[in-house]
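Structure file structure.txt (compact mmCIF, C-alpha atoms) follows.
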```txt
# COMPACT_ATOMS: atom_id res chain seq x y z
CA MET A 1 -8.03 29.67 -26.83
CA SER A 2 -9.26 33.03 -27.99
CA SER A 3 -8.17 33.82 -31.56
CA THR A 4 -6.39 30.57 -32.24
CA VAL A 5 -9.34 28.73 -30.95
CA THR A 6 -11.77 31.26 -32.10
CA ARG A 7 -14.33 28.56 -31.78
CA THR A 8 -17.20 30.84 -31.90
CA ARG A 9 -20.68 29.88 -32.43
CA LEU A 10 -24.11 30.43 -33.93
CA ALA A 11 -26.06 32.25 -36.54
CA VAL A 12 -29.40 30.59 -36.55
CA ALA A 13 -32.99 31.37 -37.63
CA ALA A 14 -33.06 35.03 -38.65
CA ALA A 15 -29.34 35.19 -39.20
CA THR A 16 -29.26 32.26 -41.56
CA ALA A 17 -32.20 33.70 -43.45
CA GLY A 18 -30.19 36.86 -43.86
CA ILE A 19 -27.21 34.93 -45.12
CA VAL A 20 -29.35 33.28 -47.77
CA VAL A 21 -30.47 36.68 -49.06
CA LEU A 22 -26.94 37.98 -48.82
CA ALA A 23 -25.61 35.07 -50.83
CA GLY A 24 -28.08 35.88 -53.55
CA CYS A 25 -26.74 39.45 -53.70
CA SER A 26 -23.12 38.37 -54.01
CA SER A 27 -21.09 35.97 -56.07
CA SER A 28 -20.88 33.39 -53.32
CA GLY A 29 -24.12 31.58 -54.00
CA SER A 30 -23.43 30.70 -57.63
CA SER A 31 -19.76 29.97 -56.93
CA ASP A 32 -20.66 27.56 -54.17
CA LYS A 33 -22.98 25.57 -56.37
CA ALA A 34 -20.75 25.59 -59.42
CA SER A 35 -17.88 24.13 -57.42
CA ALA A 36 -19.98 21.29 -56.12
CA SER A 37 -21.49 19.97 -59.34
CA SER A 38 -20.20 16.45 -58.75
CA CYS A 39 -19.11 14.14 -56.00
CA GLU A 40 -17.25 11.30 -57.60
CA PRO A 41 -14.65 9.13 -55.84
CA ALA A 42 -11.11 9.62 -57.11
CA LYS A 43 -9.40 6.91 -59.13
CA GLY A 44 -6.32 5.93 -57.19
CA LYS A 45 -4.71 7.34 -54.08
CA VAL A 46 -5.59 10.82 -52.81
CA THR A 47 -3.80 13.32 -50.57
CA LEU A 48 -5.87 15.98 -48.79
CA GLN A 49 -4.62 19.19 -47.19
CA TYR A 50 -6.16 20.07 -43.81
CA TRP A 51 -5.24 23.26 -41.94
CA ASN A 52 -6.17 23.68 -38.29
CA THR A 53 -5.24 25.24 -34.93
CA VAL A 54 -6.02 22.44 -32.47
CA PRO A 55 -3.24 20.97 -30.29
CA GLY A 56 -2.77 17.25 -30.86
CA MET A 57 -4.78 17.15 -34.08
CA ASP A 58 -1.79 15.61 -35.85
CA LYS A 59 -2.30 12.49 -33.72
CA VAL A 60 -5.91 12.27 -34.81
CA VAL A 61 -4.87 12.56 -38.45
CA ASP A 62 -2.27 9.84 -37.88
CA LEU A 63 -5.09 7.54 -36.78
CA TRP A 64 -7.02 8.25 -39.98
CA ASN A 65 -3.96 7.75 -42.19
CA LYS A 66 -3.25 4.35 -40.64
CA GLN A 67 -6.80 3.23 -41.32
CA HIS A 68 -7.15 4.75 -44.81
CA PRO A 69 -4.03 4.12 -46.90
CA ASN A 70 -5.68 5.36 -50.10
CA VAL A 71 -6.81 8.70 -48.66
CA GLN A 72 -3.92 10.34 -46.85
CA VAL A 73 -4.26 13.66 -45.04
CA GLU A 74 -1.46 16.19 -44.65
CA ILE A 75 -1.97 18.56 -41.72
CA LYS A 76 -0.72 22.11 -41.21
CA ASN A 77 -1.08 24.00 -37.95
CA ILE A 78 -1.90 27.68 -38.59
CA SER A 79 -2.55 28.74 -35.00
CA ASN A 80 -0.04 31.60 -35.21
CA ASP A 81 -2.16 33.52 -37.76
CA GLN A 82 -5.25 31.50 -38.63
CA TYR A 83 -7.25 33.86 -40.80
CA GLY A 84 -4.28 35.77 -42.17
CA ILE A 85 -2.74 32.58 -43.54
CA LEU A 86 -6.06 31.30 -44.82
CA GLY A 87 -6.94 34.64 -46.42
CA ASN A 88 -3.62 34.82 -48.26
CA ALA A 89 -4.05 31.26 -49.49
CA LEU A 90 -7.51 32.07 -50.85
CA LYS A 91 -6.19 35.12 -52.69
CA ALA A 92 -3.43 33.04 -54.24
CA ASN A 93 -5.84 30.22 -55.14
CA LYS A 94 -3.81 27.90 -52.91
CA ALA A 95 -6.34 27.13 -50.19
CA PRO A 96 -6.37 23.63 -48.67
CA ASP A 97 -9.14 21.12 -49.20
CA LEU A 98 -10.28 21.62 -45.60
CA ALA A 99 -9.68 24.29 -42.98
CA GLN A 100 -10.78 25.07 -39.45
CA VAL A 101 -13.13 28.07 -39.42
CA GLY A 102 -14.92 29.54 -36.41
CA TYR A 103 -18.70 29.80 -36.56
CA ASP A 104 -18.48 33.58 -36.38
CA GLU A 105 -16.21 33.70 -39.45
CA LEU A 106 -18.42 31.57 -41.70
CA PRO A 107 -20.70 34.42 -42.90
CA ASN A 108 -17.72 36.67 -43.63
CA LEU A 109 -15.84 34.05 -45.65
CA ARG A 110 -19.02 33.04 -47.47
CA THR A 111 -19.26 36.54 -48.93
CA GLN A 112 -15.72 36.02 -50.27
CA SER A 113 -16.74 32.82 -52.08
CA ALA A 114 -14.33 30.87 -49.88
CA PHE A 115 -16.32 27.64 -49.67
CA VAL A 116 -17.57 24.87 -51.86
CA ASP A 117 -21.02 23.38 -51.27
CA ALA A 118 -20.62 19.68 -50.51
CA SER A 119 -24.34 18.87 -50.65
CA ALA A 120 -23.81 16.99 -53.91
CA CYS A 121 -22.30 14.27 -51.70
CA LYS A 122 -25.00 12.15 -50.07
CA ALA A 123 -22.69 11.48 -47.12
CA ALA A 124 -22.50 15.22 -46.45
CA THR A 125 -26.25 15.78 -46.27
CA ALA A 126 -26.73 12.54 -44.31
CA ALA A 127 -24.31 13.80 -41.66
CA LYS A 128 -26.87 16.32 -40.43
CA SER A 129 -28.35 13.84 -37.96
CA LYS A 130 -24.99 13.39 -36.28
CA PHE A 131 -24.69 16.94 -34.92
CA VAL A 132 -26.33 19.30 -32.45
CA PRO A 133 -29.01 21.05 -34.57
CA TRP A 134 -27.88 24.67 -34.11
CA THR A 135 -24.34 23.86 -35.21
CA TRP A 136 -25.60 22.27 -38.42
CA SER A 137 -27.80 25.28 -39.12
CA GLN A 138 -24.62 27.37 -38.98
CA THR A 139 -22.62 25.29 -41.40
CA SER A 140 -25.47 24.85 -43.86
CA PHE A 141 -26.52 28.53 -43.76
CA GLY A 142 -30.05 27.62 -42.85
CA GLY A 143 -30.23 24.63 -45.15
CA THR A 144 -28.90 26.19 -48.37
CA GLY A 145 -26.03 23.70 -48.66
CA VAL A 146 -23.27 22.00 -46.71
CA PHE A 147 -20.26 24.28 -46.47
CA ALA A 148 -18.61 22.86 -43.38
CA ILE A 149 -18.95 20.14 -40.77
CA PRO A 150 -19.34 21.25 -37.13
CA GLN A 151 -16.38 20.36 -34.92
CA ASP A 152 -16.81 21.72 -31.41
CA THR A 153 -18.63 24.23 -29.24
CA GLY A 154 -17.73 26.36 -26.23
CA PRO A 155 -20.44 26.46 -23.55
CA MET A 156 -19.24 28.73 -20.74
CA ALA A 157 -18.89 28.19 -17.01
CA LEU A 158 -16.96 29.54 -14.03
CA TYR A 159 -13.62 28.01 -13.06
CA VAL A 160 -13.04 28.55 -9.34
CA ARG A 161 -9.98 28.25 -7.11
CA SER A 162 -12.05 26.70 -4.36
CA ASP A 163 -9.14 26.70 -1.92
CA LEU A 164 -8.82 30.50 -2.10
CA PHE A 165 -12.54 31.01 -1.63
CA LYS A 166 -12.43 28.69 1.38
CA LYS A 167 -9.33 30.39 2.79
CA TYR A 168 -11.01 33.80 2.81
CA ASP A 169 -14.48 32.47 3.69
CA VAL A 170 -16.10 33.77 0.51
CA ALA A 171 -19.11 31.99 -0.97
CA VAL A 172 -18.85 30.78 -4.56
CA PRO A 173 -21.13 33.14 -6.54
CA THR A 174 -24.18 32.01 -8.48
CA THR A 175 -25.23 35.44 -9.82
CA TRP A 176 -23.24 38.34 -11.25
CA ASP A 177 -24.25 40.49 -8.26
CA GLU A 178 -22.76 37.87 -5.96
CA TYR A 179 -19.68 37.74 -8.19
CA ALA A 180 -19.09 41.48 -7.72
CA THR A 181 -19.50 41.09 -3.96
CA ALA A 182 -17.03 38.19 -3.94
CA ALA A 183 -14.57 40.30 -5.94
CA GLU A 184 -14.63 43.00 -3.27
CA LYS A 185 -14.24 40.53 -0.40
CA LEU A 186 -11.33 38.69 -1.98
CA HIS A 187 -9.46 41.86 -2.84
CA LYS A 188 -10.03 43.28 0.62
CA ALA A 189 -8.73 40.09 2.20
CA ASP A 190 -5.63 40.12 -0.03
CA PRO A 191 -4.82 43.28 -2.04
CA ASN A 192 -2.73 41.16 -4.42
CA LEU A 193 -5.70 38.94 -5.25
CA ASP A 194 -8.26 39.74 -7.95
CA ILE A 195 -11.28 37.65 -8.80
CA THR A 196 -10.41 37.49 -12.51
CA PHE A 197 -8.97 39.45 -15.41
CA PHE A 198 -10.65 41.36 -18.22
CA ASP A 199 -8.80 40.98 -21.53
CA PRO A 200 -9.80 44.02 -23.63
CA ASN A 201 -8.25 42.44 -26.72
CA ASN A 202 -10.56 39.44 -26.69
CA ALA A 203 -13.82 40.40 -28.38
CA GLU A 204 -14.81 36.76 -28.81
CA TRP A 205 -14.82 36.26 -25.04
CA PHE A 206 -16.75 39.48 -24.50
CA ASN A 207 -19.28 38.44 -27.14
CA GLY A 208 -19.89 35.30 -25.09
CA LEU A 209 -20.73 37.47 -22.09
CA LEU A 210 -23.17 39.48 -24.20
CA TRP A 211 -24.69 36.29 -25.54
CA GLN A 212 -25.39 35.04 -22.03
CA ASN A 213 -27.45 38.15 -21.28
CA ASP A 214 -29.71 37.46 -24.27
CA ALA A 215 -28.17 40.34 -26.21
CA LYS A 216 -29.09 40.21 -29.89
CA MET A 217 -26.17 41.66 -31.83
CA TYR A 218 -27.75 40.98 -35.23
CA GLY A 219 -31.04 39.98 -36.71
CA TYR A 220 -32.63 40.01 -40.16
CA SER A 221 -36.01 41.36 -41.23
CA GLY A 222 -37.46 43.47 -44.00
CA ASP A 223 -34.65 42.45 -46.37
CA LYS A 224 -32.12 44.14 -44.09
CA TRP A 225 -29.71 43.21 -41.36
CA GLN A 226 -30.77 44.70 -38.04
CA VAL A 227 -27.61 45.69 -36.13
CA SER A 228 -27.97 45.99 -32.34
CA VAL A 229 -24.44 45.52 -31.04
CA ASP A 230 -25.05 48.29 -28.48
CA SER A 231 -28.41 47.01 -27.23
CA ALA A 232 -29.62 47.59 -23.68
CA GLN A 233 -28.66 44.04 -22.71
CA SER A 234 -25.16 44.56 -24.11
CA LYS A 235 -24.79 47.84 -22.24
CA GLN A 236 -25.80 46.15 -19.00
CA VAL A 237 -22.88 43.74 -19.37
CA ALA A 238 -20.48 46.53 -20.37
CA ASP A 239 -21.48 48.72 -17.43
CA TYR A 240 -21.05 45.80 -15.03
CA TRP A 241 -17.47 45.11 -16.09
CA GLN A 242 -16.70 48.82 -16.27
CA LYS A 243 -17.61 49.08 -12.60
CA LEU A 244 -15.34 46.17 -11.66
CA ILE A 245 -12.50 47.75 -13.62
CA ALA A 246 -13.09 51.16 -11.98
CA GLU A 247 -13.05 49.53 -8.55
CA LYS A 248 -9.78 47.78 -9.49
CA VAL A 249 -10.97 44.33 -8.46
CA VAL A 250 -10.22 42.78 -11.87
CA ARG A 251 -6.98 43.01 -13.81
CA THR A 252 -6.79 44.45 -17.32
CA ASP A 253 -3.10 43.86 -18.05
CA LEU A 254 -3.26 40.17 -18.98
CA ALA A 255 -3.81 38.65 -22.40
CA HIS A 256 -5.74 35.40 -22.53
CA GLY A 257 -3.48 32.38 -22.86
CA SER A 258 -0.31 34.41 -22.29
CA THR A 259 2.65 33.44 -20.13
CA GLN A 260 1.78 36.38 -17.88
CA MET A 261 -1.75 35.08 -17.41
CA TYR A 262 -0.56 31.67 -16.29
CA ALA A 263 2.05 33.29 -14.01
CA ALA A 264 -0.67 35.31 -12.28
CA TYR A 265 -2.69 32.17 -11.64
CA GLN A 266 0.42 30.32 -10.50
CA LYS A 267 1.16 33.07 -7.95
CA ASP A 268 -2.40 32.87 -6.54
CA GLN A 269 -3.16 36.38 -7.81
CA ILE A 270 -6.41 35.45 -9.57
CA ALA A 271 -9.22 33.37 -8.09
CA THR A 272 -11.53 32.55 -11.01
CA TYR A 273 -11.65 32.17 -14.76
CA VAL A 274 -14.75 32.86 -16.86
CA GLY A 275 -14.23 30.41 -19.68
CA ALA A 276 -15.49 27.76 -22.05
CA ALA A 277 -15.46 23.97 -22.00
CA TRP A 278 -12.26 23.74 -24.03
CA GLY A 279 -10.42 25.70 -21.33
CA TYR A 280 -10.32 22.72 -18.98
CA SER A 281 -7.17 21.39 -20.64
CA MET A 282 -5.42 24.77 -20.50
CA PHE A 283 -5.25 24.75 -16.73
CA ARG A 284 -4.52 21.03 -16.55
CA ASP A 285 -1.59 21.33 -18.93
CA ASN A 286 -0.16 24.69 -17.85
CA LEU A 287 -0.76 24.69 -14.08
CA PRO A 288 -0.15 21.07 -13.05
CA LYS A 289 0.77 21.98 -9.46
CA GLN A 290 -2.75 23.36 -8.89
CA ALA A 291 -4.41 19.99 -9.46
CA GLY A 292 -7.24 19.49 -6.98
CA LYS A 293 -7.54 23.21 -6.25
CA TRP A 294 -9.94 24.01 -9.08
CA THR A 295 -13.64 23.34 -9.42
CA ILE A 296 -16.02 24.25 -12.24
CA VAL A 297 -19.50 25.60 -11.53
CA PRO A 298 -22.27 27.17 -13.63
CA MET A 299 -21.60 30.65 -14.94
CA PRO A 300 -23.06 33.41 -12.71
CA THR A 301 -26.46 34.42 -14.05
CA TRP A 302 -28.36 37.62 -14.75
CA GLY A 303 -31.59 37.60 -12.80
CA ALA A 304 -33.74 34.51 -13.08
CA ASN A 305 -33.24 33.66 -16.75
CA GLY A 306 -30.39 31.23 -16.04
CA SER A 307 -29.03 31.54 -19.57
CA SER A 308 -25.52 30.54 -20.53
CA GLY A 309 -23.14 31.88 -23.14
CA ASP A 310 -20.89 30.27 -25.72
CA TRP A 311 -17.30 31.22 -26.42
CA GLY A 312 -15.57 29.50 -29.23
CA GLY A 313 -16.40 26.60 -31.41
CA SER A 314 -15.23 25.77 -34.89
CA THR A 315 -16.11 23.95 -38.04
CA VAL A 316 -14.03 22.20 -40.67
CA ALA A 317 -14.94 23.94 -43.91
CA PHE A 318 -14.85 22.69 -47.48
CA MET A 319 -12.59 25.25 -49.15
CA LYS A 320 -12.91 26.53 -52.69
CA GLY A 321 -10.40 24.88 -54.98
CA GLY A 322 -10.39 21.51 -53.27
CA LYS A 323 -9.93 18.76 -55.86
CA HIS A 324 -11.32 15.78 -53.98
CA LEU A 325 -14.76 16.57 -52.60
CA TYR A 326 -15.85 12.97 -52.10
CA GLU A 327 -12.79 12.12 -50.03
CA SER A 328 -12.95 15.46 -48.18
CA VAL A 329 -16.49 14.64 -47.04
CA GLU A 330 -15.42 11.16 -46.01
CA PHE A 331 -12.54 12.44 -43.86
CA ASN A 332 -14.39 15.49 -42.49
CA THR A 333 -17.33 13.41 -41.33
CA TRP A 334 -15.05 10.85 -39.69
CA LEU A 335 -12.96 13.55 -38.04
CA ASN A 336 -15.94 15.14 -36.35
CA SER A 337 -18.22 12.20 -35.55
CA ASP A 338 -16.13 9.04 -35.13
CA PRO A 339 -15.95 8.13 -31.40
CA ASP A 340 -12.22 7.33 -31.51
CA ALA A 341 -11.43 10.61 -33.22
CA LEU A 342 -13.62 12.58 -30.82
CA ALA A 343 -12.02 10.94 -27.80
CA LEU A 344 -8.54 11.90 -28.98
CA GLU A 345 -9.62 15.45 -29.81
CA ASN A 346 -11.06 15.89 -26.34
CA LYS A 347 -8.05 14.35 -24.61
CA LEU A 348 -5.34 16.16 -26.59
CA GLY A 349 -7.00 19.37 -27.70
CA GLY A 350 -9.72 19.87 -25.10
CA LEU A 351 -12.47 19.98 -27.72
CA TYR A 352 -16.07 19.79 -26.56
CA PRO A 353 -17.67 17.95 -29.50
CA ALA A 354 -20.51 19.26 -31.63
CA ALA A 355 -21.43 15.69 -32.57
CA THR A 356 -24.23 14.25 -30.47
CA ALA A 357 -22.28 11.00 -30.12
CA GLY A 358 -19.42 12.96 -28.61
CA LEU A 359 -21.49 13.92 -25.60
CA ASP A 360 -21.66 10.22 -24.70
CA LEU A 361 -17.90 9.71 -24.74
CA PRO A 362 -16.70 7.87 -21.61
CA ALA A 363 -14.22 10.71 -20.99
CA LEU A 364 -17.14 13.13 -20.71
CA GLN A 365 -19.04 10.91 -18.30
CA GLN A 366 -16.24 10.46 -15.79
CA GLY A 367 -14.60 12.58 -13.14
CA VAL A 368 -11.52 14.53 -14.21
CA PRO A 369 -8.52 13.95 -11.91
CA TYR A 370 -7.17 17.50 -12.19
CA TYR A 371 -10.52 18.88 -11.02
CA ASN A 372 -10.67 16.73 -7.90
CA ASN A 373 -12.36 13.93 -9.88
CA GLU A 374 -15.47 16.05 -10.36
CA LYS A 375 -17.68 15.41 -13.39
CA ILE A 376 -17.00 18.82 -14.86
CA PHE A 377 -18.51 18.02 -18.24
CA ASP A 378 -21.93 17.67 -16.62
CA VAL A 379 -21.68 21.41 -15.94
CA PHE A 380 -20.87 22.17 -19.57
CA ALA A 381 -23.57 19.82 -20.85
CA ASP A 382 -26.14 21.66 -18.74
CA ALA A 383 -24.77 25.02 -19.91
CA SER A 384 -25.06 24.00 -23.56
CA LYS A 385 -28.79 23.43 -23.07
CA LYS A 386 -29.21 27.01 -21.85
CA ILE A 387 -27.58 28.82 -24.75
CA ASP A 388 -29.82 31.20 -26.71
CA THR A 389 -29.90 29.64 -30.18
CA SER A 390 -31.33 32.81 -31.78
CA PHE A 391 -28.04 34.66 -31.24
CA ALA A 392 -26.67 35.71 -34.63
CA TRP A 393 -23.34 36.69 -36.16
CA GLY A 394 -23.11 39.38 -38.81
CA PRO A 395 -21.40 39.08 -42.20
CA THR A 396 -18.63 41.52 -41.21
CA GLN A 397 -17.98 40.15 -37.72
CA LYS A 398 -14.20 40.31 -37.95
CA THR A 399 -14.29 44.05 -38.64
CA VAL A 400 -16.69 44.57 -35.75
CA ASN A 401 -14.55 42.53 -33.36
CA LEU A 402 -11.44 44.52 -34.24
CA ALA A 403 -13.27 47.81 -33.67
CA LEU A 404 -14.63 46.51 -30.37
CA GLN A 405 -11.21 45.39 -29.17
CA ASP A 406 -9.56 48.69 -30.05
CA ALA A 407 -12.22 50.65 -28.17
CA MET A 408 -12.21 48.26 -25.19
CA ALA A 409 -8.42 48.62 -24.89
CA LYS A 410 -8.82 52.40 -24.75
CA ALA A 411 -11.56 52.06 -22.14
CA ALA A 412 -9.42 49.76 -20.00
CA ALA A 413 -6.66 52.39 -20.18
CA GLY A 414 -9.04 55.07 -18.96
CA SER A 415 -10.14 56.62 -22.25
CA GLY A 416 -13.89 56.18 -22.61
CA THR A 417 -15.98 53.30 -21.31
CA LEU A 418 -16.90 49.79 -22.38
CA SER A 419 -20.36 51.11 -23.23
CA ASP A 420 -18.68 53.59 -25.57
CA ALA A 421 -16.84 50.65 -27.11
CA LEU A 422 -20.16 49.03 -27.97
CA ALA A 423 -21.27 52.20 -29.74
CA THR A 424 -18.00 52.22 -31.68
CA ALA A 425 -18.51 48.59 -32.70
CA GLN A 426 -22.11 49.35 -33.72
CA ALA A 427 -20.93 52.13 -36.01
CA ALA A 428 -18.22 49.88 -37.45
CA ALA A 429 -20.79 47.18 -38.19
CA LEU A 430 -23.08 49.55 -40.09
CA LYS A 431 -20.20 51.15 -42.01
CA SER A 432 -18.61 47.84 -43.00
CA MET A 433 -21.93 46.55 -44.31
CA LYS A 434 -22.57 49.78 -46.21
CA ASP A 435 -19.11 49.59 -47.77
CA GLN A 436 -19.96 46.11 -49.05
CA ALA A 437 -23.43 47.11 -50.23
CA ILE A 438 -25.08 44.86 -47.64
CA PRO A 439 -28.49 46.29 -46.62
CA ALA A 440 -28.40 47.12 -42.91
CA THR A 441 -29.97 49.42 -40.37
CA ALA A 442 -29.68 50.07 -36.65
CA GLY A 443 -31.85 47.74 -34.60
CA LYS A 444 -33.17 48.09 -31.08
```

Represent the supplied structure as structure tokens.
Amino acid sequence: MSSTVTRTRLAVAAATAGIVVLAGCSSSGSSDKASASSCEPAKGKVTLQYWNTVPGMDKVVDLWNKQHPNVQVEIKNISNDQYGILGNALKANKAPDLAQVGYDELPNLRTQSAFVDASACKAATAAKSKFVPWTWSQTSFGGTGVFAIPQDTGPMALYVRSDLFKKYDVAVPTTWDEYATAAEKLHKADPNLDITFFDPNNAEWFNGLLWQNDAKMYGYSGDKWQVSVDSAQSKQVADYWQKLIAEKVVRTDLAHGSTQMYAAYQKDQIATYVGAAWGYSMFRDNLPKQAGKWTIVPMPTWGANGSSGDWGGSTVAFMKGGKHLYESVEFNTWLNSDPDALALENKLGGLYPAATAGLDLPALQQGVPYYNNEKIFDVFADASKKIDTSFAWGPTQKTVNLALQDAMAKAAAGSGTLSDALATAQAAALKSMKDQAIPATAGK
């Protein structure tokens, strides 16, 4: 779900410390607190505006509205241009009470004073115990407030067309070296078959690959951001995929989630998908005739570390200008921790919940018919335990992602390499921070 489900993840420990300092250097800190001076229930009926990108979320909101006649929620799907629409609304002082925001976008929007701190509401601070700790650290910026409620995460795994691997007698890979070998064997057996595709316009996905290899894109020390987008670990990942592209065993002409992508899978032209937990519903809903042909296994690993990556994950943020903070907290907490709401969100939108109670949902404990009744969520649950929680996002992540995508597209077309793209993104990170007077230096 790439950009529309840019459900992207963490900035913990050092990163959150950096955000605290950054907030003190900008207008966001005081604005946050000033907007959250009280948390009083409204007198009479209330209507909240909630903007999101998740399929089926309207059904979840319908459930709330039936149960809460005095606090009605109006929903707007902004999946066609999530941050463009939200940005324009903020500029016009017409932002909704609540909006879906990816973890990686939180620091950027915080510097724009986009959020209100809901910590004046006891229910908001009490909600901390309901969520996986690293997700709460993200939304509270290391404990400086409550600016959003975690919604979902995106632990990564490998989706495998087991029938194709069996047909060509190729072992399902457990390491990235084995994955490269499998790519060669599959393509040799059928020149029209590639092991996967590399979407150069999907920086969020690529960031998940970097994350898995324990790459540290950002850190914070000495009152400065340490930028290491082009670290040795990142270059290892870039060089690996560059080799697969050069050997023409992965495709580079498909956009994630596109009609062309699904057509390639439908025609048995691609054998695997490196994706996140929320992707399980994409294949189920768009490739129904391939039911029983897919299995999900742990993501191939680098060496013996066994780490996993995260791609995607969102929060529901308290937006500046919201008029009903008390009711917004009430709805937001219910939306992201109530078992009935979580079950619907998983069934209709494929969300992998950030709430600890969500991991115990019956739907996540059972076999999934489309995947041959395998308990696929056990794989994602195990992956989520192996995600490096020290991975950090920078305050100008959107700018960096755009620079990375532009350079990766050129590399995929034969101009430069993916390693060059990392260097381009590193330079963009440092320049964007300098332009905003954010102290930063190149890290290791």

One residue among A:Asn372, A:Gly443, A:Val316, A:Asn346 is nearest to A:Asn332 when using all atoms listed in the file, and that residue is A:Val316

Around stretch 215-222 of chain A, with edges along x, y and z and 8 Å added on all six sides, what centre and edge lengths do you get, in Å to one decimal, as lines of an AutoDock Vina configuration file?
```
center_x = -31.8
center_y = 41.7
center_z = -35.1
size_x = 27.3
size_y = 19.5
size_z = 33.8
```

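With all atoms listed in the file as the atoms that count, the residue of A:Thr441, A:Asn108, A:Thr333, A:Thr315 with the shortest distance to A:Ser221 is A:Thr441.
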
Rows by chain and residue number, stretch 241-349 of chain A within 9 Å of stretch 64-77 of chain A, shortest pair, all atoms listed in the file, as a tab-separated table:
```
residue	atom	partner	partner_atom	distance
A:Glu327	CA	A:Val71	CA	7.0
A:Phe331	CA	A:Trp64	CA	7.9
A:Trp334	CA	A:Trp64	CA	8.4
A:Leu335	CA	A:Trp64	CA	8.2
A:Ala341	CA	A:Trp64	CA	8.4
```

Residue among A:Asp378, A:Gly349, A:Phe165, A:Ser113 lying closest to A:Gln366, counting all atoms listed in the file
A:Asp378

Counting all atoms listed in the file, what is within 6 Å of A:Val250, bar same-chain residues fewer than 3 positions away, as number ranges by chain?
A: 194, 196-197, 245

Students should find that atom CA of A:Glu247 and atom CA of A:Thr295 are spaced 26.2 Å
